[in-house]
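Novice: So I've got this file, work-v6.cif, and it contains mmCIF, C-alpha atoms and all ligand atoms:
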```cif
data_work
loop_
_atom_site.group_PDB
_atom_site.id
_atom_site.type_symbol
_atom_site.label_atom_id
_atom_site.label_comp_id
_atom_site.auth_asym_id
_atom_site.auth_seq_id
_atom_site.Cartn_x
_atom_site.Cartn_y
_atom_site.Cartn_z
ATOM 1 C CA MET A 19 24.180 11.271 5.182
ATOM 2 C CA GLN A 20 22.977 14.823 5.434
ATOM 3 C CA THR A 21 19.275 15.761 5.634
ATOM 4 C CA VAL A 22 18.114 19.131 4.305
ATOM 5 C CA GLN A 23 14.663 20.665 4.380
ATOM 6 C CA ASP A 24 15.019 23.857 2.420
ATOM 7 C CA VAL A 25 15.786 24.633 -1.184
ATOM 8 C CA ALA A 26 18.850 26.819 -0.623
ATOM 9 C CA ALA A 27 20.605 24.085 1.382
ATOM 10 C CA LEU A 28 19.695 21.443 -1.199
ATOM 11 C CA ARG A 29 20.988 23.547 -4.073
ATOM 12 C CA ALA A 30 24.208 24.424 -2.223
ATOM 13 C CA VAL A 31 25.097 20.739 -1.741
ATOM 14 C CA VAL A 32 24.232 19.797 -5.321
ATOM 15 C CA ARG A 33 26.142 22.819 -6.680
ATOM 16 C CA GLY A 34 29.200 21.696 -4.711
ATOM 17 C CA TRP A 35 29.008 18.246 -6.283
ATOM 18 C CA ARG A 36 28.511 19.669 -9.759
ATOM 19 C CA SER A 37 31.583 21.869 -9.382
ATOM 20 C CA GLN A 38 33.589 18.699 -8.740
ATOM 21 C CA GLY A 39 32.177 17.107 -11.892
ATOM 22 C CA TYR A 40 29.985 14.554 -10.098
ATOM 23 C CA THR A 41 26.832 13.125 -11.660
ATOM 24 C CA VAL A 42 23.699 13.128 -9.508
ATOM 25 C CA GLY A 43 21.107 10.359 -9.164
ATOM 26 C CA PHE A 44 17.696 10.882 -7.595
ATOM 27 C CA VAL A 45 15.143 8.614 -5.920
ATOM 28 C CA PRO A 46 11.882 10.413 -5.070
ATOM 29 C CA THR A 47 9.808 8.702 -2.352
ATOM 30 C CA MET A 48 7.030 9.338 0.117
ATOM 31 C CA GLY A 49 9.031 7.684 2.877
ATOM 32 C CA ASN A 50 8.260 4.635 5.002
ATOM 33 C CA LEU A 51 11.001 2.971 3.070
ATOM 34 C CA HIS A 52 11.239 -0.770 2.491
ATOM 35 C CA ALA A 53 13.551 -3.074 0.550
ATOM 36 C CA GLY A 54 11.936 -1.940 -2.726
ATOM 37 C CA HIS A 55 13.065 1.644 -2.125
ATOM 38 C CA GLN A 56 16.497 0.443 -1.026
ATOM 39 C CA SER A 57 16.887 -1.296 -4.390
ATOM 40 C CA LEU A 58 16.144 2.010 -6.164
ATOM 41 C CA ILE A 59 18.892 3.712 -4.149
ATOM 42 C CA LYS A 60 21.258 0.897 -5.047
ATOM 43 C CA LEU A 61 20.508 1.292 -8.761
ATOM 44 C CA ALA A 62 21.113 5.047 -8.598
ATOM 45 C CA ARG A 63 24.272 4.428 -6.559
ATOM 46 C CA ALA A 64 25.645 2.101 -9.249
ATOM 47 C CA ARG A 65 25.081 4.649 -12.029
ATOM 48 C CA THR A 66 25.832 8.044 -10.548
ATOM 49 C CA ASP A 67 28.504 9.587 -8.311
ATOM 50 C CA ARG A 68 26.125 11.085 -5.733
ATOM 51 C CA VAL A 69 22.618 9.996 -4.749
ATOM 52 C CA VAL A 70 19.800 12.151 -3.396
ATOM 53 C CA ALA A 71 16.552 10.719 -2.011
ATOM 54 C CA SER A 72 13.497 12.795 -1.222
ATOM 55 C CA ILE A 73 10.806 12.041 1.330
ATOM 56 C CA PHE A 74 7.660 14.031 0.784
ATOM 57 C CA VAL A 75 4.117 12.800 1.355
ATOM 58 C CA ASN A 76 2.663 14.770 -1.507
ATOM 59 C CA PRO A 77 -0.835 16.068 -0.707
ATOM 60 C CA THR A 78 -1.781 16.792 -4.329
ATOM 61 C CA GLN A 79 -1.659 13.148 -5.408
ATOM 62 C CA PHE A 80 -4.138 11.934 -2.775
ATOM 63 C CA GLY A 81 -7.891 12.081 -3.384
ATOM 64 C CA PRO A 82 -10.160 13.567 -0.695
ATOM 65 C CA HIS A 83 -11.061 10.126 0.738
ATOM 66 C CA GLU A 84 -7.630 8.542 0.386
ATOM 67 C CA ASP A 85 -4.969 7.766 2.976
ATOM 68 C CA PHE A 86 -2.992 11.053 3.088
ATOM 69 C CA GLU A 87 -3.516 11.458 6.838
ATOM 70 C CA ARG A 88 -2.731 7.884 7.782
ATOM 71 C CA TYR A 89 0.160 7.441 5.319
ATOM 72 C CA PRO A 90 3.014 6.186 7.560
ATOM 73 C CA ARG A 91 5.609 8.864 8.381
ATOM 74 C CA THR A 92 8.787 7.244 9.701
ATOM 75 C CA LEU A 93 11.567 9.764 9.079
ATOM 76 C CA ILE A 94 14.091 8.612 11.711
ATOM 77 C CA GLN A 95 13.899 4.999 10.603
ATOM 78 C CA ASP A 96 14.039 6.038 6.925
ATOM 79 C CA GLN A 97 17.162 8.151 7.480
ATOM 80 C CA ALA A 98 19.008 5.162 8.943
ATOM 81 C CA GLY A 99 17.985 2.900 6.032
ATOM 82 C CA LEU A 100 19.012 5.464 3.420
ATOM 83 C CA ALA A 101 22.400 6.061 5.025
ATOM 84 C CA GLU A 102 22.978 2.295 5.084
ATOM 85 C CA GLN A 103 22.339 2.066 1.319
ATOM 86 C CA GLY A 104 24.875 4.789 0.639
ATOM 87 C CA CYS A 105 22.459 7.637 -0.038
ATOM 88 C CA ASP A 106 24.401 10.923 0.177
ATOM 89 C CA LEU A 107 21.638 13.422 0.824
ATOM 90 C CA LEU A 108 18.022 13.341 1.958
ATOM 91 C CA PHE A 109 15.699 16.145 0.928
ATOM 92 C CA ALA A 110 12.688 16.178 3.279
ATOM 93 C CA PRO A 111 10.817 19.416 2.574
ATOM 94 C CA GLU A 112 7.746 20.897 4.259
ATOM 95 C CA VAL A 113 4.561 21.249 2.208
ATOM 96 C CA ALA A 114 5.053 25.046 2.043
ATOM 97 C CA THR A 115 8.499 24.578 0.480
ATOM 98 C CA ILE A 116 7.097 22.555 -2.395
ATOM 99 C CA TYR A 117 3.832 24.505 -2.687
ATOM 100 C CA PRO A 118 4.635 28.134 -1.830
ATOM 101 C CA TYR A 119 1.138 29.263 -2.896
ATOM 102 C CA GLY A 120 -0.532 26.297 -1.159
ATOM 103 C CA ALA A 121 -1.246 22.869 -2.615
ATOM 104 C CA ALA A 122 -4.667 23.950 -3.939
ATOM 105 C CA GLN A 123 -3.169 26.923 -5.828
ATOM 106 C CA THR A 124 -0.204 25.207 -7.417
ATOM 107 C CA VAL A 125 0.684 25.386 -11.085
ATOM 108 C CA SER A 126 -0.172 21.881 -12.228
ATOM 109 C CA VAL A 127 1.429 19.555 -14.763
ATOM 110 C CA HIS A 128 -1.130 17.514 -16.681
ATOM 111 C CA VAL A 129 0.067 14.649 -18.855
ATOM 112 C CA PRO A 130 -2.777 13.883 -21.276
ATOM 113 C CA GLN A 131 -4.154 10.545 -22.498
ATOM 114 C CA ILE A 132 -2.125 7.972 -20.567
ATOM 115 C CA THR A 133 -3.459 9.443 -17.305
ATOM 116 C CA GLU A 134 -7.087 8.903 -18.308
ATOM 117 C CA THR A 135 -7.257 5.150 -17.795
ATOM 118 C CA LEU A 136 -6.574 2.608 -15.009
ATOM 119 C CA GLU A 137 -5.202 4.445 -11.936
ATOM 120 C CA GLY A 138 -6.107 7.776 -13.526
ATOM 121 C CA ALA A 139 -9.739 6.701 -13.957
ATOM 122 C CA HIS A 140 -9.993 5.370 -10.400
ATOM 123 C CA ARG A 141 -8.022 8.163 -8.743
ATOM 124 C CA PRO A 142 -9.029 11.411 -10.472
ATOM 125 C CA GLY A 143 -6.281 14.027 -10.286
ATOM 126 C CA HIS A 144 -3.738 11.555 -8.897
ATOM 127 C CA PHE A 145 -1.340 11.756 -11.832
ATOM 128 C CA ASP A 146 -1.574 15.554 -12.022
ATOM 129 C CA GLY A 147 -0.306 15.553 -8.433
ATOM 130 C CA VAL A 148 2.457 13.066 -9.220
ATOM 131 C CA ALA A 149 3.602 14.833 -12.407
ATOM 132 C CA THR A 150 3.520 18.218 -10.669
ATOM 133 C CA VAL A 151 5.577 17.184 -7.662
ATOM 134 C CA VAL A 152 8.082 15.180 -9.700
ATOM 135 C CA CYS A 153 8.522 18.101 -12.117
ATOM 136 C CA LYS A 154 9.111 20.442 -9.161
ATOM 137 C CA LEU A 155 11.601 18.036 -7.569
ATOM 138 C CA PHE A 156 13.449 17.672 -10.881
ATOM 139 C CA ASN A 157 13.643 21.478 -11.150
ATOM 140 C CA LEU A 158 14.937 21.795 -7.599
ATOM 141 C CA LEU A 159 17.618 19.144 -7.967
ATOM 142 C CA GLN A 160 18.302 18.882 -11.679
ATOM 143 C CA PRO A 161 19.465 15.268 -11.412
ATOM 144 C CA ASP A 162 21.120 13.398 -14.286
ATOM 145 C CA LEU A 163 19.157 10.254 -13.523
ATOM 146 C CA ALA A 164 15.987 9.433 -11.569
ATOM 147 C CA VAL A 165 14.837 5.946 -10.602
ATOM 148 C CA PHE A 166 11.183 4.826 -10.394
ATOM 149 C CA GLY A 167 9.765 1.402 -9.534
ATOM 150 C CA GLN A 168 8.092 -0.731 -12.187
ATOM 151 C CA LYS A 169 5.427 -1.583 -9.586
ATOM 152 C CA ASP A 170 3.811 1.802 -10.265
ATOM 153 C CA CYS A 171 4.008 1.097 -13.945
ATOM 154 C CA GLN A 172 1.547 3.759 -15.106
ATOM 155 C CA GLN A 173 3.318 6.364 -12.956
ATOM 156 C CA LEU A 174 6.563 5.424 -14.664
ATOM 157 C CA LYS A 175 4.980 5.919 -18.116
ATOM 158 C CA VAL A 176 3.492 9.259 -17.046
ATOM 159 C CA ILE A 177 6.900 10.482 -15.869
ATOM 160 C CA GLU A 178 8.597 9.262 -19.051
ATOM 161 C CA ARG A 179 6.066 11.156 -21.167
ATOM 162 C CA MET A 180 6.375 14.293 -19.052
ATOM 163 C CA VAL A 181 10.177 14.239 -19.297
ATOM 164 C CA ARG A 182 10.132 13.754 -23.049
ATOM 165 C CA ASP A 183 7.356 16.250 -23.755
ATOM 166 C CA LEU A 184 8.766 18.990 -21.483
ATOM 167 C CA SER A 185 12.344 18.260 -22.670
ATOM 168 C CA LEU A 186 13.564 17.787 -19.108
ATOM 169 C CA PRO A 187 17.265 16.867 -19.072
ATOM 170 C CA VAL A 188 16.976 13.766 -16.891
ATOM 171 C CA LYS A 189 17.238 10.074 -17.711
ATOM 172 C CA ILE A 190 14.492 7.881 -16.232
ATOM 173 C CA LEU A 191 15.442 4.418 -15.064
ATOM 174 C CA ALA A 192 12.863 1.699 -14.257
ATOM 175 C CA ALA A 193 13.609 -0.610 -11.346
ATOM 176 C CA PRO A 194 12.137 -4.133 -11.140
ATOM 177 C CA THR A 195 9.410 -4.831 -8.558
ATOM 178 C CA LEU A 196 10.612 -6.410 -5.337
ATOM 179 C CA ARG A 197 8.374 -9.101 -3.837
ATOM 180 C CA ALA A 198 7.926 -10.852 -0.523
ATOM 181 C CA GLU A 199 8.634 -14.604 -0.597
ATOM 182 C CA ASP A 200 4.972 -15.329 -1.236
ATOM 183 C CA GLY A 201 4.937 -12.995 -4.242
ATOM 184 C CA LEU A 202 3.257 -9.928 -2.752
ATOM 185 C CA ALA A 203 4.803 -6.788 -4.274
ATOM 186 C CA LEU A 204 6.485 -4.697 -1.574
ATOM 187 C CA SER A 205 4.561 -1.530 -0.761
ATOM 188 C CA SER A 206 4.306 0.839 2.182
ATOM 189 C CA ARG A 207 0.561 0.211 2.134
ATOM 190 C CA ASN A 208 0.993 -3.530 2.889
ATOM 191 C CA GLN A 209 1.238 -2.682 6.565
ATOM 192 C CA TYR A 210 -2.409 -1.598 6.565
ATOM 193 C CA LEU A 211 -3.364 -5.257 5.944
ATOM 194 C CA SER A 212 -4.742 -7.344 8.792
ATOM 195 C CA LYS A 213 -3.205 -10.799 9.338
ATOM 196 C CA GLU A 214 -5.999 -12.468 7.337
ATOM 197 C CA GLU A 215 -5.778 -9.899 4.542
ATOM 198 C CA ARG A 216 -1.997 -10.296 4.364
ATOM 199 C CA GLU A 217 -2.479 -14.045 3.833
ATOM 200 C CA LEU A 218 -4.894 -13.374 0.993
ATOM 201 C CA ALA A 219 -2.893 -10.552 -0.636
ATOM 202 C CA PRO A 220 -0.445 -12.727 -2.678
ATOM 203 C CA LEU A 221 -3.449 -13.788 -4.782
ATOM 204 C CA VAL A 222 -2.954 -10.561 -6.751
ATOM 205 C CA TYR A 223 0.384 -11.799 -8.092
ATOM 206 C CA VAL A 224 -0.899 -15.373 -8.512
ATOM 207 C CA THR A 225 -3.738 -13.952 -10.608
ATOM 208 C CA LEU A 226 -1.315 -11.959 -12.771
ATOM 209 C CA GLN A 227 0.757 -15.084 -13.389
ATOM 210 C CA GLN A 228 -2.373 -17.025 -14.330
ATOM 211 C CA MET A 229 -3.414 -14.244 -16.710
ATOM 212 C CA ARG A 230 -0.007 -14.474 -18.381
ATOM 213 C CA ASP A 231 -0.204 -18.290 -18.624
ATOM 214 C CA LEU A 232 -3.710 -18.281 -20.087
ATOM 215 C CA VAL A 233 -2.757 -15.696 -22.710
ATOM 216 C CA SER A 234 0.345 -17.699 -23.648
ATOM 217 C CA LYS A 235 -1.897 -20.777 -24.090
ATOM 218 C CA GLY A 236 -3.908 -18.837 -26.643
ATOM 219 C CA HIS A 237 -6.917 -17.690 -24.580
ATOM 220 C CA ALA A 238 -8.444 -14.410 -25.756
ATOM 221 C CA TRP A 239 -7.511 -11.611 -23.377
ATOM 222 C CA PRO A 240 -11.065 -10.299 -22.738
ATOM 223 C CA ALA A 241 -12.054 -13.714 -21.337
ATOM 224 C CA VAL A 242 -8.841 -13.848 -19.286
ATOM 225 C CA GLU A 243 -9.620 -10.435 -17.796
ATOM 226 C CA GLN A 244 -13.124 -11.542 -16.839
ATOM 227 C CA ALA A 245 -11.885 -14.750 -15.210
ATOM 228 C CA ALA A 246 -9.245 -12.811 -13.235
ATOM 229 C CA THR A 247 -11.747 -10.224 -12.018
ATOM 230 C CA SER A 248 -14.251 -12.795 -10.821
ATOM 231 C CA LYS A 249 -11.532 -14.917 -9.190
ATOM 232 C CA LEU A 250 -10.374 -11.897 -7.135
ATOM 233 C CA ALA A 251 -13.939 -10.924 -6.272
ATOM 234 C CA LYS A 252 -14.781 -14.483 -5.138
ATOM 235 C CA ALA A 253 -11.715 -14.483 -2.866
ATOM 236 C CA GLY A 254 -12.925 -11.327 -1.087
ATOM 237 C CA PHE A 255 -11.201 -8.545 -3.041
ATOM 238 C CA VAL A 256 -13.049 -5.620 -4.563
ATOM 239 C CA PRO A 257 -11.249 -5.363 -7.909
ATOM 240 C CA ASP A 258 -10.976 -1.957 -9.583
ATOM 241 C CA TYR A 259 -9.471 -3.625 -12.642
ATOM 242 C CA ALA A 260 -7.708 -6.774 -13.771
ATOM 243 C CA VAL A 261 -6.747 -6.044 -17.345
ATOM 244 C CA ILE A 262 -4.322 -6.830 -20.141
ATOM 245 C CA ARG A 263 -2.817 -3.897 -21.993
ATOM 246 C CA ARG A 264 -0.024 -3.084 -24.422
ATOM 247 C CA ALA A 265 3.153 -2.951 -22.342
ATOM 248 C CA ASP A 266 4.596 0.061 -24.171
ATOM 249 C CA ASP A 267 1.745 2.574 -23.801
ATOM 250 C CA LEU A 268 -0.909 0.751 -21.708
ATOM 251 C CA GLY A 269 -3.352 1.016 -24.631
ATOM 252 C CA VAL A 270 -5.980 -1.653 -25.324
ATOM 253 C CA PRO A 271 -4.369 -4.396 -27.456
ATOM 254 C CA ALA A 272 -5.768 -5.874 -30.637
ATOM 255 C CA ARG A 273 -7.907 -8.964 -29.930
ATOM 256 C CA ASP A 274 -5.315 -11.329 -31.372
ATOM 257 C CA GLN A 275 -2.209 -9.571 -29.982
ATOM 258 C CA ARG A 276 0.037 -12.003 -28.134
ATOM 259 C CA ASP A 277 3.327 -10.128 -27.739
ATOM 260 C CA GLY A 278 4.236 -6.974 -25.870
ATOM 261 C CA LEU A 279 1.471 -7.370 -23.281
ATOM 262 C CA ILE A 280 1.255 -6.515 -19.601
ATOM 263 C CA GLY A 281 -1.272 -7.553 -16.960
ATOM 264 C CA LEU A 282 -2.346 -4.932 -14.410
ATOM 265 C CA VAL A 283 -4.421 -5.412 -11.281
ATOM 266 C CA ALA A 284 -5.790 -2.963 -8.733
ATOM 267 C CA ALA A 285 -7.992 -4.385 -6.012
ATOM 268 C CA ARG A 286 -9.146 -3.392 -2.575
ATOM 269 C CA LEU A 287 -8.814 -5.736 0.339
ATOM 270 C CA GLY A 288 -10.669 -4.257 3.290
ATOM 271 C CA SER A 289 -9.505 -0.644 3.446
ATOM 272 C CA THR A 290 -6.243 -1.286 1.588
ATOM 273 C CA ARG A 291 -5.847 -0.804 -2.143
ATOM 274 C CA LEU A 292 -3.219 -3.041 -3.749
ATOM 275 C CA ILE A 293 -1.789 -2.593 -7.235
ATOM 276 C CA ASP A 294 0.586 -4.800 -9.164
ATOM 277 C CA ASN A 295 1.532 -5.668 -12.727
ATOM 278 C CA LEU A 296 3.392 -8.289 -14.715
ATOM 279 C CA ILE A 297 4.979 -7.971 -18.149
ATOM 280 C CA PHE A 298 4.124 -11.119 -20.159
ATOM 281 C CA ASP A 299 7.525 -12.089 -21.521
HETATM 282 O O1 LIG A 301 5.890 6.645 -6.057
HETATM 283 C C1 LIG A 301 5.875 7.496 -5.141
HETATM 284 O O2 LIG A 301 6.267 7.219 -4.016
HETATM 285 C C2 LIG A 301 5.316 8.887 -5.426
HETATM 286 O O3 LIG A 301 4.268 8.837 -6.316
HETATM 287 C C3 LIG A 301 6.405 9.878 -5.902
HETATM 288 C C4 LIG A 301 6.996 9.457 -7.242
HETATM 289 C C5 LIG A 301 7.491 9.987 -4.861
HETATM 290 C C6 LIG A 301 5.782 11.274 -6.090
HETATM 291 O O4 LIG A 301 5.240 11.758 -4.901
#
```
The structure given in the file should be rewritten as structure tokens.
Specialist:
Amino acid sequence: MQTVQDVAALRAVVRGWRSQGYTVGFVPTMGNLHAGHQSLIKLARARTDRVVASIFVNPTQFGPHEDFERYPRTLIQDQAGLAEQGCDLLFAPEVATIYPYGAAQTVSVHVPQITETLEGAHRPGHFDGVATVVCKLFNLLQPDLAVFGQKDCQQLKVIERMVRDLSLPVKILAAPTLRAEDGLALSSRNQYLSKEERELAPLVYVTLQQMRDLVSKGHAWPAVEQAATSKLAKAGFVPDYAVIRRADDLGVPARDQRDGLIGLVAARLGSTRLIDNLIFD
């Protein structure tokens, strides 16, 4: 697997593939790859002839007091993992390559409405940063297909809306969330957890399952949300939200809606913020 840092080299490789009639799949990441990322590569691999991954810790999607500085950067290890999964090319640009005028002066992509709630409400500007960098990466690569994890469910919806609204010629594929044996959704941020916090962390998924079960037994979702929030708080989490939304657009469901729902949780455990979701099938 080749690694390139600059745009000309990236475009030269992709142009070569295109001239041979190959389709191109893309998996954007911020690195520190785990089995969840590997599964995204595998999905792209199964659907396209050549696969590109990017590793870029994107400054514009982190708030001023978030973990941009301490976000784990593990390029050498990541390169080995990507090559093992059959990734063909890694794009690992510098900040100045992605933001030639500086991150603070970038043209920004704002996806309205869906970005105002949940993660968007708790992390102001986060989705502008995500949409902007993903739009730039799509323009640089022009992939046929790009794969995003269902774990960042709102991110996935934001990207889908951006692609449709800006008529970007790329198909978006959602990949199922990978979990540890105890149910904790895989995330690069899990490594911030202390031993005690790691033992407590699977309660997020347990709570989501209980929310689903209570709704399927006919409990009204506002009461289920309240019970979930206080359960997490009692266990030592600081919940940002534990809510039930419409699965298709993350809007607030009608009081008696039973189908097409999703549970979403974001909660802090010490200095680590965990997010997860579960579609209520
Ligand atoms: O999900 C991520 O890792 C990031 O938000 C993404 C999509 C790579 C954009 O920086």
Novice: My list of candidates is A:Ser289, A:Met48, A:Gly120, A:Glu84. Which is closest to Tyr210 (chain A) when distances are computed with only C-alpha atoms?
Specialist: A:Ser289
Novice: Would you name the residues within 6 Å of ligand LIG 301 (chain A), counting all atoms listed in the file, and put them as a list in words?
Specialist: Pro46, Thr47, Met48, Asn76, Val148 and Val152 of chain A
Novice: Please evaluate the PyMOL selection byres (((chain A and resi 282-284) around 10) and not hetatm) against the structure above and give the resulting residues as a count of residues only.
Specialist: 39
Novice: Report as a list of chain:residue names all protein, DNA and RNA residues lying within 7 Å of region 99-106 of chain A, evaluated on all atoms listed in the file, omitting residues in the same chain fewer than 4 positions from it.
Specialist: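 Returned residues: A:Met19, A:Gln20, A:Gln56, A:Ile59, A:Lys60, A:Arg68, A:Val69, A:Val70, A:Ala71, A:Gln95.
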Novice: Restricting it to C-alpha atoms, dump the selection as a PDB file, in the coordinates of the input.
Specialist:
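File written: part39.pdb
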```pdb
ATOM      1  CA  MET A  19      24.180  11.271   5.182  1.00  0.00           C
ATOM      2  CA  GLN A  20      22.977  14.823   5.434  1.00  0.00           C
ATOM      3  CA  GLN A  56      16.497   0.443  -1.026  1.00  0.00           C
ATOM      4  CA  ILE A  59      18.892   3.712  -4.149  1.00  0.00           C
ATOM      5  CA  LYS A  60      21.258   0.897  -5.047  1.00  0.00           C
ATOM      6  CA  ARG A  68      26.125  11.085  -5.733  1.00  0.00           C
ATOM      7  CA  VAL A  69      22.618   9.996  -4.749  1.00  0.00           C
ATOM      8  CA  VAL A  70      19.800  12.151  -3.396  1.00  0.00           C
ATOM      9  CA  ALA A  71      16.552  10.719  -2.011  1.00  0.00           C
ATOM     10  CA  GLN A  95      13.899   4.999  10.603  1.00  0.00           C
TER      11      GLN A  95
END
```
Novice: Written as number ranges by chain, which residues does the PyMOL selection byres (((chain A and resi 155-160) around 9) and not hetatm) give for the file shown?
Specialist: A: 25, 28-29, 32, 42, 44, 46, 70, 72, 116, 150-154, 161-164, 186-188
